[in-house]
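Source file coords-v4.pdb; content: PDB, C-alpha atoms (C1' of nucleotides).
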```pdb
ATOM      1  CA  MET A   1     -19.495  37.247  30.448
ATOM      2  CA  PRO A   2     -19.143  40.465  32.300
ATOM      3  CA  GLU A   3     -21.789  41.595  34.698
ATOM      4  CA  LEU A   4     -21.056  43.293  38.013
ATOM      5  CA  PRO A   5     -19.474  40.250  39.747
ATOM      6  CA  GLU A   6     -17.234  39.455  36.785
ATOM      7  CA  VAL A   7     -16.034  43.063  36.459
ATOM      8  CA  GLU A   8     -15.477  43.207  40.222
ATOM      9  CA  THR A   9     -13.406  40.010  40.026
ATOM     10  CA  ILE A  10     -11.359  41.384  37.128
ATOM     11  CA  VAL A  11     -10.699  44.661  38.942
ATOM     12  CA  ARG A  12      -9.620  42.858  42.104
ATOM     13  CA  ASN A  13      -7.287  40.571  40.177
ATOM     14  CA  LEU A  14      -5.676  43.569  38.486
ATOM     15  CA  SER A  15      -5.132  45.350  41.796
ATOM     16  CA  GLN A  16      -3.721  42.488  43.848
ATOM     17  CA  GLY A  17      -0.738  40.178  43.899
ATOM     18  CA  GLY A  18       2.568  40.136  42.089
ATOM     19  CA  THR A  19       0.994  40.942  38.750
ATOM     20  CA  SER A  20      -0.828  44.002  40.102
ATOM     21  CA  ILE A  21      -0.745  46.891  37.676
ATOM     22  CA  VAL A  22      -1.223  49.555  40.357
ATOM     23  CA  GLY A  23       1.701  51.932  40.693
ATOM     24  CA  ARG A  24       3.125  51.091  37.289
ATOM     25  CA  ARG A  25       3.847  53.605  34.557
ATOM     26  CA  ILE A  26       2.462  53.150  31.057
ATOM     27  CA  LEU A  27       5.345  52.881  28.598
ATOM     28  CA  ALA A  28       3.385  52.391  25.386
ATOM     29  CA  ALA A  29      -0.155  51.892  24.088
ATOM     30  CA  ARG A  30      -1.110  49.603  21.244
ATOM     31  CA  LEU A  31      -4.649  50.125  19.951
ATOM     32  CA  LEU A  32      -5.321  47.029  17.867
ATOM     33  CA  TRP A  33      -9.029  47.694  17.213
ATOM     34  CA  PRO A  34      -9.359  51.492  16.981
ATOM     35  CA  ARG A  35     -13.145  51.372  16.511
ATOM     36  CA  GLY A  36     -13.450  50.243  20.118
ATOM     37  CA  LEU A  37     -12.198  53.657  21.221
ATOM     38  CA  GLU A  38     -15.031  56.104  21.967
ATOM     39  CA  THR A  39     -12.852  59.067  22.868
ATOM     40  CA  PRO A  40     -10.460  60.728  22.116
ATOM     41  CA  SER A  41      -8.970  60.042  18.667
ATOM     42  CA  PRO A  42      -6.516  57.122  18.416
ATOM     43  CA  THR A  43      -3.611  59.511  17.927
ATOM     44  CA  GLU A  44      -4.484  61.631  20.935
ATOM     45  CA  PHE A  45      -5.181  58.510  23.013
ATOM     46  CA  GLU A  46      -1.728  57.044  22.473
ATOM     47  CA  GLN A  47       0.049  60.352  23.040
ATOM     48  CA  ARG A  48      -1.939  61.242  26.121
ATOM     49  CA  ILE A  49      -1.858  57.915  27.990
ATOM     50  CA  VAL A  50       1.862  57.219  27.688
ATOM     51  CA  ALA A  51       3.920  58.123  30.792
ATOM     52  CA  GLN A  52       0.866  58.255  33.058
ATOM     53  CA  VAL A  53       0.959  56.058  36.176
ATOM     54  CA  ILE A  54      -1.930  53.736  37.106
ATOM     55  CA  THR A  55      -2.753  54.894  40.627
ATOM     56  CA  ALA A  56      -5.814  52.685  41.232
ATOM     57  CA  VAL A  57      -8.312  50.354  39.582
ATOM     58  CA  SER A  58     -12.003  50.422  40.470
ATOM     59  CA  ARG A  59     -15.494  49.541  39.235
ATOM     60  CA  ARG A  60     -18.760  51.395  38.702
ATOM     61  CA  GLY A  61     -21.647  49.290  37.389
ATOM     62  CA  LYS A  62     -20.102  47.183  34.635
ATOM     63  CA  PHE A  63     -17.346  49.723  33.897
ATOM     64  CA  ALA A  64     -13.725  49.096  34.865
ATOM     65  CA  LEU A  65     -11.956  52.339  35.804
ATOM     66  CA  PHE A  66      -8.192  52.853  35.614
ATOM     67  CA  HIS A  67      -7.255  55.945  37.558
ATOM     68  CA  LEU A  68      -4.179  57.527  36.000
ATOM     69  CA  THR A  69      -1.937  60.441  36.911
ATOM     70  CA  SER A  70      -4.174  62.984  35.206
ATOM     71  CA  ASP A  71      -6.888  61.040  33.370
ATOM     72  CA  THR A  72      -9.219  58.062  33.806
ATOM     73  CA  LEU A  73      -9.306  55.134  31.403
ATOM     74  CA  LEU A  74     -12.740  53.481  31.309
ATOM     75  CA  VAL A  75     -13.392  50.095  29.747
ATOM     76  CA  HIS A  76     -16.786  48.466  29.194
ATOM     77  CA  LEU A  77     -16.482  44.737  28.433
ATOM     78  CA  ARG A  78     -19.952  44.363  26.855
ATOM     79  CA  MET A  79     -20.559  40.713  25.823
ATOM     80  CA  SER A  80     -17.182  39.057  25.456
ATOM     81  CA  GLY A  81     -14.502  41.376  26.822
ATOM     82  CA  ASP A  82     -11.844  40.503  29.357
ATOM     83  CA  LEU A  83      -9.013  42.394  31.040
ATOM     84  CA  PHE A  84      -5.898  40.948  32.597
ATOM     85  CA  SER A  85      -2.214  41.561  33.115
ATOM     86  CA  GLU A  86       0.310  39.297  31.457
ATOM     87  CA  PRO A  87       4.058  39.137  30.807
ATOM     88  CA  THR A  88       5.281  41.300  27.939
ATOM     89  CA  THR A  89       7.014  38.262  26.506
ATOM     90  CA  LEU A  90       3.808  36.416  25.542
ATOM     91  CA  PRO A  91       2.695  36.509  21.901
ATOM     92  CA  VAL A  92      -0.220  38.860  21.174
ATOM     93  CA  GLY A  93      -3.422  36.822  20.762
ATOM     94  CA  ARG A  94      -5.875  37.090  17.902
ATOM     95  CA  HIS A  95      -8.468  38.869  20.036
ATOM     96  CA  HIS A  96      -6.271  41.412  21.802
ATOM     97  CA  ARG A  97      -7.833  44.854  21.181
ATOM     98  CA  LEU A  98      -5.706  47.089  23.413
ATOM     99  CA  ILE A  99      -2.345  46.561  25.049
ATOM    100  CA  LEU A 100      -0.772  48.915  27.560
ATOM    101  CA  ASP A 101       2.891  48.098  28.085
ATOM    102  CA  LEU A 102       3.846  48.757  31.695
ATOM    103  CA  GLU A 103       6.976  48.956  33.795
ATOM    104  CA  GLY A 104       8.282  45.612  35.008
ATOM    105  CA  GLU A 105       7.876  43.473  31.862
ATOM    106  CA  LEU A 106       4.103  43.465  32.397
ATOM    107  CA  ARG A 107       1.262  44.588  30.192
ATOM    108  CA  LEU A 108      -2.454  45.235  30.576
ATOM    109  CA  ALA A 109      -4.430  43.384  27.901
ATOM    110  CA  PHE A 110      -7.976  44.097  26.777
ATOM    111  CA  VAL A 111      -9.202  41.010  24.915
ATOM    112  CA  ASP A 112     -12.590  40.955  23.206
ATOM    113  CA  PRO A 113     -13.528  38.402  20.488
ATOM    114  CA  ARG A 114     -16.809  40.089  19.526
ATOM    115  CA  LYS A 115     -15.418  43.642  19.417
ATOM    116  CA  PHE A 116     -18.411  45.059  21.318
ATOM    117  CA  GLY A 117     -16.272  46.431  24.154
ATOM    118  CA  ARG A 118     -15.650  50.172  24.393
ATOM    119  CA  ILE A 119     -12.840  52.396  25.727
ATOM    120  CA  TRP A 120     -12.784  56.011  26.921
ATOM    121  CA  LEU A 121      -9.883  58.178  28.078
ATOM    122  CA  VAL A 122     -11.231  61.247  29.841
ATOM    123  CA  ALA A 123     -10.249  63.819  32.444
ATOM    124  CA  ASP A 124     -13.499  63.314  34.359
ATOM    125  CA  PRO A 125     -15.101  59.831  34.503
ATOM    126  CA  ALA A 126     -18.465  61.385  35.362
ATOM    127  CA  THR A 127     -18.828  62.441  31.736
ATOM    128  CA  VAL A 128     -19.117  58.727  30.866
ATOM    129  CA  LEU A 129     -20.887  57.445  33.994
ATOM    130  CA  ARG A 130     -23.380  60.270  34.413
ATOM    131  CA  LYS A 131     -26.496  58.304  33.492
ATOM    132  CA  LEU A 132     -25.825  55.194  35.586
ATOM    133  CA  GLY A 133     -28.355  54.220  38.234
ATOM    134  CA  PRO A 134     -27.555  53.319  41.854
ATOM    135  CA  GLU A 135     -24.910  50.774  42.788
ATOM    136  CA  PRO A 136     -26.904  47.769  44.090
ATOM    137  CA  LEU A 137     -24.418  46.848  46.835
ATOM    138  CA  ALA A 138     -24.001  50.406  48.142
ATOM    139  CA  ALA A 139     -25.108  50.764  51.756
ATOM    140  CA  ASP A 140     -27.015  53.980  51.087
ATOM    141  CA  PHE A 141     -29.217  52.321  48.446
ATOM    142  CA  SER A 142     -32.183  51.500  50.679
ATOM    143  CA  PRO A 143     -35.242  49.322  50.028
ATOM    144  CA  GLN A 144     -37.302  52.500  50.304
ATOM    145  CA  ILE A 145     -35.389  54.199  47.515
ATOM    146  CA  PHE A 146     -35.623  51.016  45.447
ATOM    147  CA  GLN A 147     -39.363  50.743  45.866
ATOM    148  CA  GLN A 148     -39.851  54.411  45.119
ATOM    149  CA  ARG A 149     -37.961  53.966  41.848
ATOM    150  CA  LEU A 150     -40.018  50.863  41.010
ATOM    151  CA  ARG A 151     -43.231  52.782  41.611
ATOM    152  CA  GLN A 152     -42.269  55.318  38.946
ATOM    153  CA  SER A 153     -42.181  52.757  36.133
ATOM    154  CA  ARG A 154     -44.835  50.865  34.179
ATOM    155  CA  ARG A 155     -42.206  48.625  32.558
ATOM    156  CA  GLN A 156     -41.775  44.876  33.023
ATOM    157  CA  LEU A 157     -39.279  44.003  35.749
ATOM    158  CA  LYS A 158     -36.828  42.025  33.615
ATOM    159  CA  PRO A 159     -36.073  44.744  31.054
ATOM    160  CA  LEU A 160     -36.196  47.399  33.767
ATOM    161  CA  LEU A 161     -33.575  45.671  35.919
ATOM    162  CA  LEU A 162     -31.353  45.325  32.838
ATOM    163  CA  ASP A 163     -31.600  49.082  32.274
ATOM    164  CA  GLN A 164     -28.352  50.525  33.658
ATOM    165  CA  CYS A 165     -30.054  53.871  34.310
ATOM    166  CA  PHE A 166     -32.444  52.180  36.714
ATOM    167  CA  ILE A 167     -29.834  50.114  38.547
ATOM    168  CA  ALA A 168     -26.189  49.613  37.588
ATOM    169  CA  GLY A 169     -24.454  46.282  37.131
ATOM    170  CA  LEU A 170     -27.175  43.685  36.592
ATOM    171  CA  GLY A 171     -27.066  41.614  33.403
ATOM    172  CA  ASN A 172     -29.026  38.686  32.012
ATOM    173  CA  ILE A 173     -27.708  36.009  34.371
ATOM    174  CA  TYR A 174     -27.996  37.770  37.705
ATOM    175  CA  THR A 175     -31.366  39.338  36.853
ATOM    176  CA  ASP A 176     -32.940  35.935  36.166
ATOM    177  CA  GLU A 177     -31.334  34.539  39.302
ATOM    178  CA  ALA A 178     -32.476  37.431  41.501
ATOM    179  CA  LEU A 179     -36.068  37.325  40.253
ATOM    180  CA  HIS A 180     -36.219  33.598  40.912
ATOM    181  CA  LEU A 181     -34.742  33.966  44.375
ATOM    182  CA  ALA A 182     -37.287  36.695  45.153
ATOM    183  CA  LYS A 183     -40.071  34.558  43.625
ATOM    184  CA  ILE A 184     -41.281  37.345  41.354
ATOM    185  CA  HIS A 185     -42.336  36.946  37.717
ATOM    186  CA  PRO A 186     -40.013  38.677  35.193
ATOM    187  CA  GLN A 187     -43.019  40.276  33.463
ATOM    188  CA  ARG A 188     -44.497  41.888  36.558
ATOM    189  CA  ILE A 189     -45.091  45.596  36.047
ATOM    190  CA  ALA A 190     -42.637  47.447  38.279
ATOM    191  CA  ALA A 191     -45.202  49.818  39.786
ATOM    192  CA  THR A 192     -47.344  46.876  40.999
ATOM    193  CA  VAL A 193     -44.577  45.453  43.187
ATOM    194  CA  SER A 194     -45.507  45.668  46.865
ATOM    195  CA  GLU A 195     -43.286  47.041  49.591
ATOM    196  CA  ALA A 196     -42.557  43.532  50.865
ATOM    197  CA  GLU A 197     -41.755  42.303  47.363
ATOM    198  CA  ALA A 198     -39.462  45.240  46.680
ATOM    199  CA  GLU A 199     -37.551  44.529  49.852
ATOM    200  CA  ARG A 200     -37.326  40.848  48.933
ATOM    201  CA  LEU A 201     -36.133  41.698  45.433
ATOM    202  CA  LEU A 202     -33.384  44.038  46.600
ATOM    203  CA  ARG A 203     -32.240  41.437  49.111
ATOM    204  CA  ALA A 204     -32.210  38.810  46.332
ATOM    205  CA  ILE A 205     -30.257  41.095  43.979
ATOM    206  CA  ARG A 206     -27.649  41.682  46.664
ATOM    207  CA  GLN A 207     -27.476  38.002  47.529
ATOM    208  CA  VAL A 208     -26.868  36.763  43.980
ATOM    209  CA  LEU A 209     -24.350  39.542  43.258
ATOM    210  CA  SER A 210     -22.475  38.876  46.493
ATOM    211  CA  GLU A 211     -22.388  35.152  45.880
ATOM    212  CA  GLY A 212     -21.268  35.804  42.305
ATOM    213  CA  ILE A 213     -18.371  37.896  43.601
ATOM    214  CA  ARG A 214     -17.539  35.318  46.274
ATOM    215  CA  ARG A 215     -17.355  32.669  43.559
ATOM    216  CA  SER A 216     -15.283  34.952  41.263
ATOM    217  CA  GLY A 217     -18.071  35.259  38.698
ATOM    218  CA  THR A 218     -19.745  32.930  36.219
ATOM    219  CA  SER A 219     -17.839  31.026  33.530
ATOM    220  CA  ILE A 220     -19.989  29.881  30.606
ATOM    221  CA  ASP A 221     -19.001  28.760  27.130
ATOM    222  CA  TRP A 222     -15.601  29.387  25.633
ATOM    223  CA  VAL A 223     -15.265  32.744  27.372
ATOM    224  CA  TYR A 224     -13.657  31.343  30.483
ATOM    225  CA  ARG A 225     -13.005  33.538  33.453
ATOM    226  CA  GLY A 226     -12.141  31.182  36.241
ATOM    227  CA  GLY A 227     -15.269  31.722  38.350
ATOM    228  CA  ASP A 228     -17.601  28.904  39.326
ATOM    229  CA  PHE A 229     -20.982  30.523  39.940
ATOM    230  CA  GLN A 230     -22.239  28.630  36.872
ATOM    231  CA  ASN A 231     -22.384  25.558  39.128
ATOM    232  CA  HIS A 232     -24.846  27.309  41.416
ATOM    233  CA  LEU A 233     -27.330  28.799  38.963
ATOM    234  CA  ARG A 234     -30.986  28.241  39.840
ATOM    235  CA  VAL A 235     -32.667  29.003  36.508
ATOM    236  CA  TYR A 236     -30.294  30.669  34.050
ATOM    237  CA  GLN A 237     -29.768  28.406  31.009
ATOM    238  CA  ARG A 238     -31.543  25.572  32.809
ATOM    239  CA  THR A 239     -34.588  25.404  30.523
ATOM    240  CA  GLY A 240     -36.628  22.247  31.176
ATOM    241  CA  GLN A 241     -34.609  21.266  34.232
ATOM    242  CA  PRO A 242     -36.307  21.124  37.628
ATOM    243  CA  CYS A 243     -36.666  24.296  39.673
ATOM    244  CA  PRO A 244     -34.466  23.887  42.766
ATOM    245  CA  GLU A 245     -37.369  25.082  44.933
ATOM    246  CA  CYS A 246     -40.380  23.139  43.639
ATOM    247  CA  GLY A 247     -39.178  20.790  40.904
ATOM    248  CA  ALA A 248     -41.332  22.274  38.146
ATOM    249  CA  PRO A 249     -39.499  22.570  34.806
ATOM    250  CA  VAL A 250     -37.737  25.880  34.275
ATOM    251  CA  GLN A 251     -39.317  27.845  31.444
ATOM    252  CA  ARG A 252     -37.582  30.056  28.866
ATOM    253  CA  ILE A 253     -39.242  33.018  27.188
ATOM    254  CA  SER A 254     -37.889  35.986  25.273
ATOM    255  CA  LEU A 255     -38.193  39.461  26.794
ATOM    256  CA  GLY A 256     -36.626  42.462  25.129
ATOM    257  CA  GLN A 257     -34.674  40.110  22.865
ATOM    258  CA  ARG A 258     -33.062  38.428  25.856
ATOM    259  CA  GLY A 259     -33.515  34.845  26.904
ATOM    260  CA  THR A 260     -35.385  34.870  30.206
ATOM    261  CA  HIS A 261     -35.484  31.863  32.519
ATOM    262  CA  PHE A 262     -37.956  31.437  35.358
ATOM    263  CA  CYS A 263     -40.069  28.952  37.294
ATOM    264  CA  PRO A 264     -43.751  29.283  36.355
ATOM    265  CA  GLN A 265     -44.706  27.739  39.726
ATOM    266  CA  CYS A 266     -42.592  29.813  42.113
ATOM    267  CA  GLN A 267     -42.715  33.009  40.074
ATOM    268  CA  SER A 268     -46.392  33.221  39.241
ATOM    269  CA  MET A 269     -47.971  36.446  38.076
ATOM    270  CA  GLY A 270     -50.475  36.087  40.887
ATOM    271  CA  ASN A 271     -53.363  38.521  40.788
ATOM    272  CA  SER A 272     -51.433  41.451  39.383
ATOM    273  CA  PRO A 273     -50.621  40.882  35.701
TER
ATOM    274  C1'  DC B   1     -43.549  56.242  27.332
ATOM    275  C1'  DA B   2     -42.813  51.384  26.366
ATOM    276  C1'  DC B   3     -41.724  47.908  23.239
ATOM    277  C1'  DG B   4     -39.804  45.311  19.321
ATOM    278  C1'  DA B   5     -36.541  44.982  15.641
ATOM    279  C1'  DG B   6     -32.101  45.764  13.835
ATOM    280  C1'  DA B   7     -27.169  46.818  14.249
ATOM    281  C1'  DC B   8     -22.695  46.019  16.003
ATOM    282  C1'  DC B   9     -19.243  41.254  15.911
ATOM    283  C1'  DT B  10     -17.253  36.427  16.421
ATOM    284  C1'  DG B  11     -17.582  31.848  17.993
ATOM    285  C1'  DT B  12     -19.979  27.633  19.453
ATOM    286  C1'  DT B  13     -23.607  24.436  19.364
ATOM    287  C1'  DC B  14     -27.717  22.342  17.508
ATOM    288  C1'  DG B  15     -30.715  20.247  14.028
ATOM    289  C1'  DC B  16     -31.131  18.159   9.653
TER
ATOM    290  C1'  DT C   1     -19.102  15.345   7.546
ATOM    291  C1'  DG C   2     -21.303  19.624   6.109
ATOM    292  C1'  DC C   3     -24.034  23.629   6.520
ATOM    293  C1'  DG C   4     -27.263  26.960   7.936
ATOM    294  C1'  DA C   5     -29.746  28.526  11.947
ATOM    295  C1'  DA C   6     -29.956  29.783  16.576
ATOM    296  C1'  DC C   7     -27.831  31.513  20.358
ATOM    297  C1'  DA C   8     -24.421  34.007  23.545
ATOM    298  C1'  DG C   9     -22.534  37.658  29.744
ATOM    299  C1'  DG C  10     -24.540  44.297  26.317
ATOM    300  C1'  DT C  11     -26.129  48.538  24.657
ATOM    301  C1'  DC C  12     -27.470  51.931  21.117
ATOM    302  C1'  DT C  13     -30.762  53.682  17.643
ATOM    303  C1'  DC C  14     -34.875  53.707  15.120
ATOM    304  C1'  DG C  15     -39.775  53.132  14.159
ATOM    305  C1'  DT C  16     -44.448  52.252  15.943
TER
END
```
Mind converting the file's structure to structure tokens?
Amino acid sequence: MPELPEVETIVRNLSQGGTSIVGRRILAARLLWPRGLETPSPTEFEQRIVAQVITAVSRRGKFALFHLTSDTLLVHLRMSGDLFSEPTTLPVGRHHRLILDLEGELRLAFVDPRKFGRIWLVADPATVLRKLGPEPLAADFSPQIFQQRLRQSRRQLKPLLLDQCFIAGLGNIYTDEALHLAKIHPQRIAATVSEAEAERLLRAIRQVLSEGIRRSGTSIDWVYRGGDFQNHLRVYQRTGQPCPECGAPVQRISLGQRGTHFCPQCQSMGNSP
DNA sequence: CACGAGACCTGTTCGC
DNA sequence: TGCGAACAGGTCTCGT
């Protein structure tokens, strides 16, 4: 579920409205799946986080950041994670992995059926985020910088765009969508992308991410999030269905062990394989 | 350096 | 109906 637009939606929901967790003190921590904790030890985690106040919630790439009085709690949702606030009175679900009991009969719940999600509690978030690439929606990330980074790599575009060191926040859905919108083949070698194509690709990345955020993310399968971008997908999980641009059947291949969807007509390899 | 396979996990859907 | 295989929004590690 969680790529940049889904994490952004989650962070906004946690910061706004009557169930906002911002400004609330943490009364207790319940670590229900200790292996999801990267650092520190479970004992230190519970001791250290209690009594801290959540001063803000933010996002970097696919990480959710909870800024506390003296530390930062980072959560990565991986494949199936979700974060939300809920009344303390509700029963604890089967897939709850971390619960932070807050002031005001509210709690922050980290729910993750597949247990891939990870948690860090650190003094300096940079220790966790150090290797992340540029934020695709940041104003200072220019097409020139993007193309210069593309030029430095001989990798195929699809796996490269999924690499969080290259660019932060893209996942399988939005990468396929962006490549289709830009009309570029997922197997194009990054360094062969022209200046015009690089500009088109960055614009496409920003467009699909922005629309994803505007639609509160993509809800597929049983991992429901409340977004509706799934009703506006062009190629993702539409194998065999007509391309919205030209009508040719959408093709599915496997790249780097990830299902990759594209239109062989619109996204041809052209002359540069 | 780039790529593929395997690992980490649970749940759903598909084909026979 | 049952049952195994394939597949799923991610990322790390290892071997070639």
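In chain A, the set of residues within 6 Å of chain B (atoms considered: all atoms listed in the file) is Pro113, Arg114 and Lys115 of chain A.
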For Val57 (chain A), please output as an mmCIF file with C-alpha atoms, in the coordinates of the input all residues within 7 Å (counting all atoms listed in the file; exclusion window: fewer than 2 positions along the same chain).
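Saved as part-v7.cif:
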```cif
data_model
loop_
_atom_site.group_PDB
_atom_site.id
_atom_site.type_symbol
_atom_site.label_atom_id
_atom_site.label_comp_id
_atom_site.auth_asym_id
_atom_site.auth_seq_id
_atom_site.Cartn_x
_atom_site.Cartn_y
_atom_site.Cartn_z
ATOM 1 C CA VAL A 11 -10.699 44.661 38.942
ATOM 2 C CA SER A 15 -5.132 45.350 41.796
ATOM 3 C CA LEU A 65 -11.956 52.339 35.804
ATOM 4 C CA PHE A 66 -8.192 52.853 35.614
ATOM 5 C CA HIS A 67 -7.255 55.945 37.558
#
```
Can you turn the PyMOL selection byres ((chain C) within 9 of (chain A)) into a concrete residue list for this file, as a PyMOL selection string?
chain C and resi 8-11
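You will find CA of Phe166 (chain A) at 15.5 Å from CA of Asp140 (chain A).
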Near region 24-27 of chain A, within 9 Å and counting only C-alpha atoms (C1' of nucleotides), which residues show up once chain neighbours fewer than 5 positions away are dropped, as number ranges by chain?
A: 49-55, 100-104, 107
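If you measure from each of A:Leu157, A:Leu181, A:Ala109, A:Leu73 to Pro244 (chain A) using only C-alpha atoms, the closest one turns out to be A:Leu181.
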Draw an axis-aligned box over all listed atoms of region 232-249 of chain A, pad each side with 5 Å, and write its centre and edge lengths in Å, one decimal, as JSON.
```
{"center_x": -33.1, "center_y": 25.7, "center_z": 37.7, "size_x": 26.5, "size_y": 19.9, "size_z": 24.4}
```
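Take CA of Arg188 (chain A) and CA of Arg155 (chain A): the distance between them is 8.2 Å.
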Please report the interatomic distance between CA of Leu90 (chain A) and CA of Leu14 (chain A) in Å with one decimal.
17.6 Å
